[in-house]
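Everything below belongs to structure.cif, which stores mmCIF, C-alpha atoms and all ligand atoms.
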```cif
data_structure
#
loop_
_atom_site.label_atom_id
_atom_site.label_comp_id
_atom_site.auth_asym_id
_atom_site.auth_seq_id
_atom_site.Cartn_x
_atom_site.Cartn_y
_atom_site.Cartn_z
CA MET A 6 0.73 20.30 -6.78
CA ARG A 7 1.07 16.64 -5.95
CA TYR A 8 4.52 15.40 -6.82
CA ASP A 9 6.29 17.54 -4.32
CA VAL A 10 8.36 15.01 -2.43
CA PHE A 11 11.45 17.01 -3.13
CA ALA A 12 10.47 20.37 -1.78
CA ASP A 13 9.45 21.63 1.62
CA ASP A 14 7.43 24.46 0.16
CA ARG A 15 5.09 22.05 -1.62
CA GLN A 16 6.38 23.21 -4.98
CA SER A 17 8.24 20.74 -7.11
CA ALA A 18 10.61 21.79 -9.81
CA LEU A 19 10.36 18.30 -11.22
CA PRO A 20 7.90 17.10 -13.82
CA PRO A 21 5.09 14.75 -12.83
CA VAL A 22 5.08 11.11 -13.79
CA THR A 23 3.57 10.74 -17.20
CA GLY A 24 2.04 8.08 -19.35
CA GLY A 25 0.36 8.63 -22.67
CA PRO A 26 -2.59 7.12 -24.44
CA GLY A 27 -2.25 3.69 -25.98
CA GLN A 28 0.35 2.59 -23.49
CA THR A 29 0.13 -0.03 -20.84
CA ALA A 30 1.37 0.25 -17.31
CA GLY A 31 3.61 -2.73 -16.96
CA SER A 32 7.14 -3.99 -16.98
CA THR A 33 7.53 -3.08 -20.61
CA GLY A 34 5.59 0.14 -20.25
CA PRO A 35 7.09 3.57 -20.66
CA VAL A 36 5.98 5.03 -17.35
CA SER A 37 8.81 6.71 -15.51
CA THR A 38 9.22 7.44 -11.83
CA GLY A 39 9.08 11.10 -12.64
CA LEU A 40 12.54 12.16 -11.58
CA ALA A 41 13.19 12.78 -15.23
CA SER A 42 10.59 13.48 -17.86
CA THR A 43 9.59 10.68 -20.19
CA PRO A 44 10.14 11.64 -23.80
CA GLY A 45 7.01 11.75 -25.90
CA THR A 46 4.61 11.73 -22.99
CA SER A 47 3.27 15.16 -22.43
CA ASP A 48 -0.27 14.85 -21.18
CA SER A 49 0.38 15.04 -17.47
CA SER A 50 -3.29 15.71 -16.69
CA GLU A 51 -3.94 12.09 -17.72
CA SER A 52 -1.40 10.79 -15.28
CA VAL A 53 -2.41 11.20 -11.69
CA GLY A 54 -2.28 7.75 -10.14
CA ARG A 55 -5.93 6.79 -10.25
CA MET A 56 -6.58 3.06 -10.28
CA GLU A 57 -9.73 1.20 -11.22
CA VAL A 58 -10.40 -2.42 -10.37
CA GLU A 59 -13.26 -3.93 -12.34
CA SER A 60 -14.87 -7.31 -11.64
CA LEU A 61 -11.54 -8.68 -10.51
CA SER A 62 -11.20 -12.35 -9.73
CA LYS A 63 -8.26 -14.47 -8.69
CA TYR A 64 -8.09 -18.17 -8.09
CA TYR A 65 -5.29 -20.59 -7.50
CA GLU A 66 -5.14 -24.21 -8.51
CA THR A 67 -4.20 -26.24 -5.47
CA LYS A 68 -3.82 -29.98 -4.87
CA THR A 69 -7.31 -30.06 -3.40
CA GLY A 70 -8.95 -28.08 -6.21
CA ILE A 71 -9.47 -24.49 -7.17
CA ARG A 72 -9.14 -21.92 -4.44
CA GLU A 73 -11.13 -18.81 -5.18
CA VAL A 74 -9.47 -15.93 -3.39
CA ILE A 75 -11.03 -12.84 -4.98
CA LYS A 76 -14.36 -12.82 -6.76
CA ASP A 77 -15.94 -10.01 -8.75
CA LEU A 78 -14.19 -7.27 -6.80
CA THR A 79 -14.77 -3.73 -8.06
CA LEU A 80 -13.03 -0.75 -6.48
CA SER A 81 -12.07 2.78 -7.46
CA ILE A 82 -8.82 4.03 -6.00
CA PRO A 83 -8.90 7.81 -6.29
CA GLU A 84 -5.72 9.78 -6.86
CA GLY A 85 -4.02 11.61 -4.03
CA ARG A 86 -6.08 9.87 -1.36
CA VAL A 87 -5.56 7.06 1.12
CA THR A 88 -7.73 4.02 0.47
CA ALA A 89 -7.47 1.67 3.44
CA ILE A 90 -8.34 -2.00 3.02
CA MET A 91 -9.58 -4.13 5.89
CA GLY A 92 -11.07 -7.59 6.13
CA PRO A 93 -10.64 -10.96 7.82
CA SER A 94 -7.38 -12.85 7.65
CA GLY A 95 -7.17 -14.81 4.41
CA CYS A 96 -9.78 -12.73 2.58
CA GLY A 97 -7.34 -11.81 -0.19
CA LYS A 98 -5.92 -8.42 0.85
CA SER A 99 -2.32 -9.34 0.06
CA ALA A 100 -3.49 -11.02 -3.13
CA LEU A 101 -5.18 -7.74 -4.11
CA ILE A 102 -1.97 -5.76 -3.41
CA ASN A 103 0.04 -8.22 -5.55
CA LEU A 104 -2.47 -7.84 -8.38
CA LEU A 105 -2.44 -4.03 -8.15
CA ALA A 106 1.36 -4.13 -8.17
CA GLY A 107 1.26 -6.35 -11.25
CA TYR A 108 3.25 -9.09 -9.52
CA GLU A 109 0.43 -11.49 -10.29
CA LYS A 110 -2.07 -11.69 -13.14
CA PRO A 111 -5.83 -11.61 -12.54
CA SER A 112 -7.86 -14.71 -13.36
CA GLY A 113 -10.64 -12.40 -14.54
CA GLY A 114 -11.60 -8.73 -14.69
CA ARG A 115 -9.19 -5.85 -15.14
CA ILE A 116 -7.06 -3.29 -13.39
CA THR A 117 -6.12 0.07 -14.84
CA ILE A 118 -3.89 2.92 -13.76
CA ASP A 119 -4.77 6.25 -15.30
CA ARG A 120 -6.89 4.31 -17.75
CA LEU A 121 -3.99 2.15 -18.94
CA PRO A 122 -4.29 -1.57 -18.27
CA VAL A 123 -1.85 -2.93 -15.71
CA THR A 124 0.10 -5.67 -17.46
CA GLY A 125 2.92 -6.16 -14.99
CA ALA A 126 5.04 -4.47 -12.35
CA GLY A 127 6.15 -0.93 -13.07
CA PRO A 128 7.91 1.96 -11.34
CA ASP A 129 4.64 3.88 -11.17
CA ARG A 130 3.55 1.56 -8.35
CA LEU A 131 5.67 0.78 -5.34
CA VAL A 132 4.95 -1.81 -2.67
CA VAL A 133 5.91 -1.47 0.98
CA PHE A 134 5.68 -4.82 2.72
CA GLN A 135 5.67 -5.71 6.35
CA GLU A 136 9.14 -7.24 6.08
CA THR A 137 12.04 -4.88 5.68
CA ALA A 138 13.48 -4.68 2.19
CA LEU A 139 16.41 -2.41 3.08
CA PHE A 140 19.77 -3.57 1.73
CA PRO A 141 21.79 -4.68 4.79
CA TRP A 142 25.11 -3.64 3.24
CA LEU A 143 24.03 -0.04 2.64
CA THR A 144 23.61 2.78 5.17
CA THR A 145 20.27 4.51 5.71
CA PHE A 146 21.31 7.30 3.36
CA GLU A 147 22.64 4.92 0.71
CA ASN A 148 19.50 2.78 0.88
CA VAL A 149 17.30 5.82 0.27
CA ALA A 150 19.58 7.17 -2.45
CA TYR A 151 19.77 3.83 -4.26
CA GLY A 152 16.84 4.26 -6.68
CA PRO A 153 17.57 7.83 -7.85
CA LYS A 154 21.30 7.01 -8.17
CA ILE A 155 20.67 3.91 -10.25
CA ARG A 156 18.51 5.94 -12.58
CA LYS A 157 21.05 8.80 -12.55
CA GLU A 158 18.18 11.18 -12.02
CA LEU A 159 19.33 13.34 -9.14
CA LYS A 160 22.94 13.71 -8.16
CA GLY A 161 25.34 15.09 -5.60
CA GLU A 162 24.28 17.97 -3.46
CA LYS A 163 20.70 18.15 -4.71
CA LEU A 164 20.11 14.47 -4.02
CA GLY A 165 21.72 14.80 -0.59
CA GLU A 166 19.52 17.76 0.27
CA VAL A 167 16.34 16.02 -0.83
CA ILE A 168 17.10 12.89 1.14
CA MET A 169 18.21 14.71 4.26
CA ASN A 170 14.98 16.75 4.22
CA LEU A 171 12.96 13.57 4.16
CA LEU A 172 15.10 11.83 6.79
CA ARG A 173 14.67 14.86 9.04
CA THR A 174 10.88 14.62 8.69
CA VAL A 175 10.95 11.12 10.15
CA GLY A 176 13.66 11.83 12.74
CA LEU A 177 16.36 9.77 11.04
CA ASP A 178 18.83 12.47 9.97
CA GLU A 179 21.17 11.49 12.83
CA PHE A 180 21.10 7.91 11.61
CA ARG A 181 22.05 8.55 8.01
CA ASP A 182 25.30 6.56 8.26
CA LYS A 183 23.96 3.61 10.23
CA TYR A 184 23.31 0.22 8.67
CA PRO A 185 19.86 -1.45 8.93
CA SER A 186 21.11 -3.85 11.62
CA GLN A 187 21.95 -0.79 13.75
CA LEU A 188 18.39 0.55 13.48
CA SER A 189 15.35 -0.47 15.53
CA GLY A 190 12.37 -2.03 13.79
CA GLY A 191 10.50 1.29 13.84
CA MET A 192 13.50 3.14 12.39
CA GLN A 193 13.76 0.59 9.59
CA ARG A 194 10.09 1.14 8.75
CA ARG A 195 10.65 4.91 8.65
CA ALA A 196 13.68 4.51 6.39
CA GLU A 197 11.56 2.31 4.18
CA LEU A 198 8.81 4.91 3.90
CA VAL A 199 11.36 7.56 2.94
CA ARG A 200 12.92 5.23 0.40
CA ALA A 201 9.51 4.59 -1.12
CA LEU A 202 8.71 8.32 -1.31
CA VAL A 203 12.02 9.28 -2.87
CA ASN A 204 11.22 7.01 -5.78
CA ARG A 205 8.07 9.05 -6.32
CA PRO A 206 5.69 6.31 -7.40
CA LYS A 207 2.29 7.44 -8.57
CA VAL A 208 0.76 4.84 -6.29
CA MET A 209 2.09 3.44 -3.04
CA LEU A 210 0.77 0.02 -2.05
CA LEU A 211 1.32 -0.74 1.63
CA ASP A 212 0.59 -4.23 2.94
CA GLU A 213 0.36 -3.97 6.72
CA PRO A 214 3.61 -2.03 6.87
CA PHE A 215 3.49 -1.58 10.65
CA ARG A 216 2.46 -5.11 11.60
CA GLY A 217 4.64 -6.62 14.27
CA LEU A 218 5.71 -3.30 15.80
CA ASP A 219 4.85 -2.66 19.44
CA ALA A 220 1.80 -0.48 20.08
CA MET A 221 3.72 2.70 20.91
CA THR A 222 6.06 2.46 17.91
CA ARG A 223 3.09 1.66 15.72
CA SER A 224 1.20 4.78 16.73
CA LEU A 225 4.35 6.88 16.19
CA MET A 226 4.78 5.30 12.75
CA ARG A 227 1.20 6.23 11.95
CA ASP A 228 1.96 9.85 12.88
CA TYR A 229 5.08 9.87 10.67
CA TYR A 230 3.09 8.31 7.86
CA LEU A 231 0.32 10.91 8.23
CA GLU A 232 2.82 13.74 8.20
CA LEU A 233 4.53 12.39 5.08
CA PHE A 234 1.18 11.93 3.39
CA GLU A 235 -0.02 15.45 4.21
CA ARG A 236 3.17 16.89 2.72
CA HIS A 237 3.53 14.74 -0.35
CA LYS A 238 0.03 13.60 -1.19
CA SER A 239 0.05 10.69 -3.61
CA THR A 240 -2.28 7.76 -4.15
CA GLN A 241 -2.06 5.27 -1.31
CA VAL A 242 -3.56 1.83 -0.83
CA PHE A 243 -2.98 0.80 2.76
CA VAL A 244 -3.89 -2.65 4.10
CA THR A 245 -4.26 -2.71 7.86
CA SER A 246 -5.72 -4.96 10.53
CA GLU A 247 -6.01 -2.13 13.07
CA LEU A 248 -9.31 -0.28 12.86
CA ASP A 249 -8.06 2.88 14.57
CA GLU A 250 -5.08 2.98 12.23
CA GLY A 251 -7.43 2.60 9.26
CA LEU A 252 -9.79 5.32 10.46
CA LEU A 253 -7.03 7.79 11.26
CA ILE A 254 -5.17 7.47 7.97
CA ALA A 255 -7.90 6.78 5.41
CA ASP A 256 -10.07 8.93 3.20
CA ARG A 257 -11.94 5.80 2.24
CA LEU A 258 -12.11 2.54 4.12
CA ALA A 259 -12.89 -0.48 1.93
CA ILE A 260 -14.14 -3.46 3.88
CA VAL A 261 -13.56 -6.79 2.18
CA THR A 262 -15.75 -9.85 2.74
CA ASN A 263 -14.58 -13.22 3.90
CA ARG A 264 -12.90 -15.22 1.09
CA PRO A 265 -13.55 -15.04 -1.80
CA GLY A 266 -12.94 -11.34 -1.23
CA GLN A 267 -15.42 -8.81 -2.53
CA ILE A 268 -16.00 -5.25 -1.43
CA LYS A 269 -18.60 -5.38 1.30
CA LYS A 270 -18.80 -1.65 1.85
CA ILE A 271 -16.80 1.51 1.37
CA LEU A 272 -16.95 4.04 4.17
CA ASP A 273 -16.06 7.63 3.36
CA ILE A 274 -13.90 8.87 6.18
CA ASN A 275 -14.73 12.55 5.87
CA LEU A 276 -12.77 13.60 8.90
CA PRO A 277 -10.70 16.79 8.85
CA ARG A 278 -6.97 16.71 8.14
CA PRO A 279 -4.36 16.99 9.49
CA ARG A 280 -5.37 14.25 11.89
CA ASP A 281 -4.08 13.07 15.22
CA GLU A 282 -5.08 11.03 18.25
CA SER A 283 -7.52 13.69 19.45
CA LEU A 284 -9.90 12.63 16.66
CA ARG A 285 -10.61 9.42 18.52
CA GLY A 286 -13.08 11.23 20.77
CA ASP A 287 -14.89 12.94 17.89
CA PRO A 288 -18.53 11.77 17.61
CA ARG A 289 -18.15 11.34 13.81
CA TYR A 290 -15.09 9.18 14.37
CA LEU A 291 -16.92 7.08 16.94
CA ALA A 292 -19.92 6.62 14.63
CA LEU A 293 -17.68 5.49 11.76
CA LYS A 294 -15.81 3.18 14.09
CA ALA A 295 -19.03 1.55 15.30
CA GLU A 296 -20.22 1.03 11.72
CA ALA A 297 -16.88 -0.40 10.56
CA LEU A 298 -16.63 -2.64 13.60
CA GLU A 299 -20.01 -4.17 12.93
CA LEU A 300 -19.17 -4.86 9.27
CA LEU A 301 -15.77 -6.33 10.15
CA HIS A 302 -17.27 -8.42 12.90
CA GLU A 303 -19.83 -9.97 10.54
CA GLU A 304 -17.06 -11.03 8.18
CA ALA A 305 -14.75 -12.21 10.96
CA VAL A 306 -17.53 -14.49 12.25
CA LYS A 307 -18.00 -15.99 8.76
CA SER A 308 -14.27 -16.44 8.40
CA PHE A 309 -14.04 -18.07 11.82
CA LYS A 310 -16.87 -20.47 11.00
CA ALA A 311 -15.24 -21.39 7.70
CA GLY A 312 -11.97 -21.95 9.55
CA ALA A 313 -13.72 -24.15 12.13
CA VAL A 314 -15.10 -26.37 9.37
CA ASN A 315 -11.62 -26.70 7.90
CA SER A 316 -10.04 -27.59 11.22
CA ALA A 317 -12.74 -30.17 11.87
CA ASP A 318 -11.93 -31.70 8.50
CA PHE A 319 -8.29 -31.69 9.44
CA VAL A 320 -8.96 -33.36 12.79
CA GLY A 321 -11.19 -35.92 11.04
CA ALA A 322 -8.50 -36.69 8.48
CA TYR A 323 -5.91 -37.00 11.20
CA ALA A 324 -8.14 -39.35 13.19
CA ALA A 325 -8.67 -41.47 10.07
CA LEU A 326 -4.93 -42.11 9.97
CA GLY A 327 -5.50 -44.22 13.05
N1 LIG B 1 0.00 -18.97 -4.40
C1 LIG B 1 -1.09 -19.37 -3.77
N2 LIG B 1 -1.62 -20.60 -3.97
C2 LIG B 1 -2.73 -21.01 -3.35
N3 LIG B 1 -3.43 -20.24 -2.47
C3 LIG B 1 -2.95 -19.02 -2.20
C4 LIG B 1 -1.76 -18.51 -2.83
N4 LIG B 1 -1.55 -17.25 -2.37
C5 LIG B 1 -2.56 -16.99 -1.50
N5 LIG B 1 -3.38 -18.05 -1.41
C6 LIG B 1 -4.58 -18.14 -0.58
O1 LIG B 1 -5.34 -16.99 -0.82
C7 LIG B 1 -6.05 -16.62 0.35
C8 LIG B 1 -5.85 -15.15 0.58
O2 LIG B 1 -4.51 -14.92 0.97
P1 LIG B 1 -3.98 -13.47 1.32
O3 LIG B 1 -2.57 -13.63 1.74
O4 LIG B 1 -4.27 -12.54 0.21
O5 LIG B 1 -4.90 -13.10 2.57
P2 LIG B 1 -4.87 -11.79 3.48
O6 LIG B 1 -6.22 -11.19 3.43
O7 LIG B 1 -3.73 -10.94 3.10
O8 LIG B 1 -4.64 -12.41 4.94
P3 LIG B 1 -3.83 -11.81 6.20
O9 LIG B 1 -4.74 -10.80 6.84
O10 LIG B 1 -3.66 -13.00 7.08
O11 LIG B 1 -2.55 -11.24 5.71
C9 LIG B 1 -5.54 -17.49 1.47
O12 LIG B 1 -6.52 -18.47 1.72
C10 LIG B 1 -4.28 -18.09 0.92
O13 LIG B 1 -4.09 -19.39 1.43
MG MG B 2 -1.94 -10.35 4.00
#
```
Let me see the file written as structure tokens.
Ligand SMILES: Nc1ncnc2c1ncn2[C@@H]1O[C@H](COP(=O)(O)OP(=O)(O)OP(=O)(O)O)[C@@H](O)[C@H]1O
Ligand SMILES: [Mg+2]
Amino acid sequence: MRYDVFADDRQSALPPVTGGPGQTAGSTGPVSTGLASTPGTSDSSESVGRMEVESLSKYYETKTGIREVIKDLTLSIPEGRVTAIMGPSGCGKSALINLLAGYEKPSGGRITIDRLPVTGAGPDRLVVFQETALFPWLTTFENVAYGPKIRKELKGEKLGEVIMNLLRTVGLDEFRDKYPSQLSGGMQRRAELVRALVNRPKVMLLDEPFRGLDAMTRSLMRDYYLELFERHKSTQVFVTSELDEGLLIADRLAIVTNRPGQIKKILDINLPRPRDESLRGDPRYLALKAEALELLHEEAVKSFKAGAVNSADFVGAYAALG
């Protein structure tokens, strides 16, 4: 069973998130977070958190013309798996996350979740950004409890138990009454992961959530993330710039080309779970790493060359000013 965030024994008493035929997954859509059943939507087998991206394109109109950021990008995001996204800086990874979240509209192509077109943001998809989004005036516990409380879905003792179980998993139970300013950066990230999970989205979209943390905290965060994922498997799209992080967490690693972003290659990371650091010495791991490194390097070189042309233009323009 997949939607088992609320139980240690991997059995959830709560119904899965549902969405029925003919509906769209957007701000006006009927998809619920799953803490309470959605009336009139009974076909839970249809609703598993699978996303499809078909011939997606995104461009922006800028002062200097049209900037093509994503071009003809096609990607399947299977349910209950981690799809990691890697590619050079500026290749459109964050743009892709924003499109999957429904925060922005595609310029072309389409995105579906469980076969329903994504027409806007919805509670079935939840984004975890690099910057903390915890409310500074609420304690750790209150921050995590905020979503379920607002929706009046779980209350009192049951809610407390659920949240404390999750906080314990990430070593934050002792910090339940502290405010975000009293937590370290790593603790804030952990609280954020728990807050995301407690809202039980069908799909979690993570845009470099551990960027900016020191190396040791980052590897600990990865372990916490892996443990949470193993327990509560849900669909994950995880953008990272760290290859080892990508290889250790992902079931599939999608490598994006230099801008305009397209899928260059998808590597199946068929490594056993649960995973930990010891995998790094595994010959299969090393082979995948070498392959990914070569692909990423090719794109980084292209990106660097494109950047060099731009900076030369900039220097030229600056020189022309006299
Ligand atoms: N609103 C916008 N208007 C114009 N251009 C934009 C806009 N948003 C993003 N871009 C451009 O789209 C490109 C892709 O940006 P994006 O942030 O998705 O890259 P990224 O792959 O996430 O990079 P990084 O690894 O540095 O986070 C960049 O060249 C950026 O300048
Ligand atoms: Mg980005």
query: How many Å separate atom CA of Glu59 of chain A from atom CA of Gly107 of chain A?
result: 14.8 Å
I need every residue sitting at most 12 Å from the point (-9.2, -14.5, 7.1) (coordinates as in the file, only C-alpha atoms considered), written as an mmCIF file with C-alpha atoms, in the frame of the given file.
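What ended up in point39.cif:
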```
data_model
loop_
_atom_site.group_PDB
_atom_site.id
_atom_site.type_symbol
_atom_site.label_atom_id
_atom_site.label_comp_id
_atom_site.auth_asym_id
_atom_site.auth_seq_id
_atom_site.Cartn_x
_atom_site.Cartn_y
_atom_site.Cartn_z
ATOM 1 C CA VAL A 74 -9.470 -15.930 -3.390
ATOM 2 C CA MET A 91 -9.580 -4.130 5.890
ATOM 3 C CA GLY A 92 -11.070 -7.590 6.130
ATOM 4 C CA PRO A 93 -10.640 -10.960 7.820
ATOM 5 C CA SER A 94 -7.380 -12.850 7.650
ATOM 6 C CA GLY A 95 -7.170 -14.810 4.410
ATOM 7 C CA CYS A 96 -9.780 -12.730 2.580
ATOM 8 C CA GLY A 97 -7.340 -11.810 -0.190
ATOM 9 C CA LYS A 98 -5.920 -8.420 0.850
ATOM 10 C CA SER A 99 -2.320 -9.340 0.060
ATOM 11 C CA SER A 246 -5.720 -4.960 10.530
ATOM 12 C CA VAL A 261 -13.560 -6.790 2.180
ATOM 13 C CA THR A 262 -15.750 -9.850 2.740
ATOM 14 C CA ASN A 263 -14.580 -13.220 3.900
ATOM 15 C CA ARG A 264 -12.900 -15.220 1.090
ATOM 16 C CA PRO A 265 -13.550 -15.040 -1.800
ATOM 17 C CA GLY A 266 -12.940 -11.340 -1.230
ATOM 18 C CA LEU A 301 -15.770 -6.330 10.150
ATOM 19 C CA HIS A 302 -17.270 -8.420 12.900
ATOM 20 C CA GLU A 304 -17.060 -11.030 8.180
ATOM 21 C CA ALA A 305 -14.750 -12.210 10.960
ATOM 22 C CA VAL A 306 -17.530 -14.490 12.250
ATOM 23 C CA LYS A 307 -18.000 -15.990 8.760
ATOM 24 C CA SER A 308 -14.270 -16.440 8.400
ATOM 25 C CA PHE A 309 -14.040 -18.070 11.820
ATOM 26 C CA LYS A 310 -16.870 -20.470 11.000
ATOM 27 C CA ALA A 311 -15.240 -21.390 7.700
ATOM 28 C CA GLY A 312 -11.970 -21.950 9.550
ATOM 29 C CA ALA A 313 -13.720 -24.150 12.130
#
```
query: Expressed in Å to a single decimal, how great is the separation between atom CA of Val244 of chain A and atom CA of Val167 of chain A?
result: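 Atom CA of Val244 of chain A sits 28.0 Å away from atom CA of Val167 of chain A.
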message: Considering all atoms listed in the file, can you say which of A:Gly161, A:Pro153, A:Pro214, A:Gly286 comes closest to ligand LIG 1 (chain B)?
response: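 When distances to ligand LIG 1 (chain B) are compared using all atoms listed in the file, the smallest one comes from A:Pro214.
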field: Length of the atom CA of Ile274 of chain A to atom CA of Ala196 of chain A vector [Å]
entry: 27.9 Å
message: Which residue is closest to Thr117 of chain A? Choose from A:Val133, A:Leu143, A:Val208, A:Ile168 and count all atoms listed in the file.
response: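 Counting all atoms listed in the file, the residue closest to Thr117 of chain A is A:Val208.
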message: Residues within 12 Å of (-17.7, -6.0, -10.2), file coordinates, counting all atoms listed in the file: what are they? Give the list as a PyMOL selection string.
response: chain A and resi 57-62+75-81+113-116+266-269
May I have the centre and edge lengths, in Å to one decimal, of an axis-aligned box around the listed atoms of ligand LIG 1 (chain B) with 3 Å added to every side, as AutoDock Vina command-line options?
```
--center_x -3.3 --center_y -15.9 --center_z 1.3 --size_x 12.5 --size_y 16.2 --size_z 17.5
```
field: Non-local contacts of Leu233 of chain A (9 Å; only C-alpha atoms; under 6 positions in same chain excluded) as a list in words
entry: Val10, Leu171, Thr174, Val175, Leu198, Val199 and Leu202 of chain A
- line: Min atom-atom distance to ligand LIG 1 (chain B) from the set A:Ser283, A:Ser224, A:Asn170, A:Thr245, counting all atoms listed in the file, belongs to A:Thr245
Any idea what's packed within 12 Å of Gln135 of chain A, counting only C-alpha atoms, ignoring anything in its chain fewer than 5 positions away? Could you give it as an mmCIF file with C-alpha atoms, keeping the file's coordinate frame?
```
data_model
loop_
_atom_site.group_PDB
_atom_site.id
_atom_site.type_symbol
_atom_site.label_atom_id
_atom_site.label_comp_id
_atom_site.auth_asym_id
_atom_site.auth_seq_id
_atom_site.Cartn_x
_atom_site.Cartn_y
_atom_site.Cartn_z
ATOM 1 C CA SER A 99 -2.320 -9.340 0.060
ATOM 2 C CA GLY A 190 12.370 -2.030 13.790
ATOM 3 C CA GLY A 191 10.500 1.290 13.840
ATOM 4 C CA GLN A 193 13.760 0.590 9.590
ATOM 5 C CA ARG A 194 10.090 1.140 8.750
ATOM 6 C CA ARG A 195 10.650 4.910 8.650
ATOM 7 C CA GLU A 197 11.560 2.310 4.180
ATOM 8 C CA LEU A 198 8.810 4.910 3.900
ATOM 9 C CA LEU A 210 0.770 0.020 -2.050
ATOM 10 C CA LEU A 211 1.320 -0.740 1.630
ATOM 11 C CA ASP A 212 0.590 -4.230 2.940
ATOM 12 C CA GLU A 213 0.360 -3.970 6.720
ATOM 13 C CA PRO A 214 3.610 -2.030 6.870
ATOM 14 C CA PHE A 215 3.490 -1.580 10.650
ATOM 15 C CA ARG A 216 2.460 -5.110 11.600
ATOM 16 C CA GLY A 217 4.640 -6.620 14.270
ATOM 17 C CA LEU A 218 5.710 -3.300 15.800
ATOM 18 C CA PHE A 243 -2.980 0.800 2.760
ATOM 19 C CA VAL A 244 -3.890 -2.650 4.100
ATOM 20 C CA THR A 245 -4.260 -2.710 7.860
#
```
message: Counting all atoms listed in the file, which residue out of A:Asp228, A:Val123, A:Lys110, A:Thr88 sits closest to ligand LIG 1 (chain B)?
response: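 Answer, going by the shortest atom-to-atom distance: A:Lys110.
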query: Looking at A:Ala201, A:Ala138, A:Ala89, A:Ala292, which one is nearest to Glu247 of chain A, with distances taken over all atoms listed in the file?
result: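 Checking each of A:Ala201, A:Ala138, A:Ala89, A:Ala292 against Glu247 of chain A, counting all atoms listed in the file, the winner is A:Ala89.
You can rank A:Lys294, A:Arg289, A:Lys183, A:Lys68 by their closest distance to Pro141 of chain A using all atoms listed in the file, and at the top of that list sits A:Lys183.
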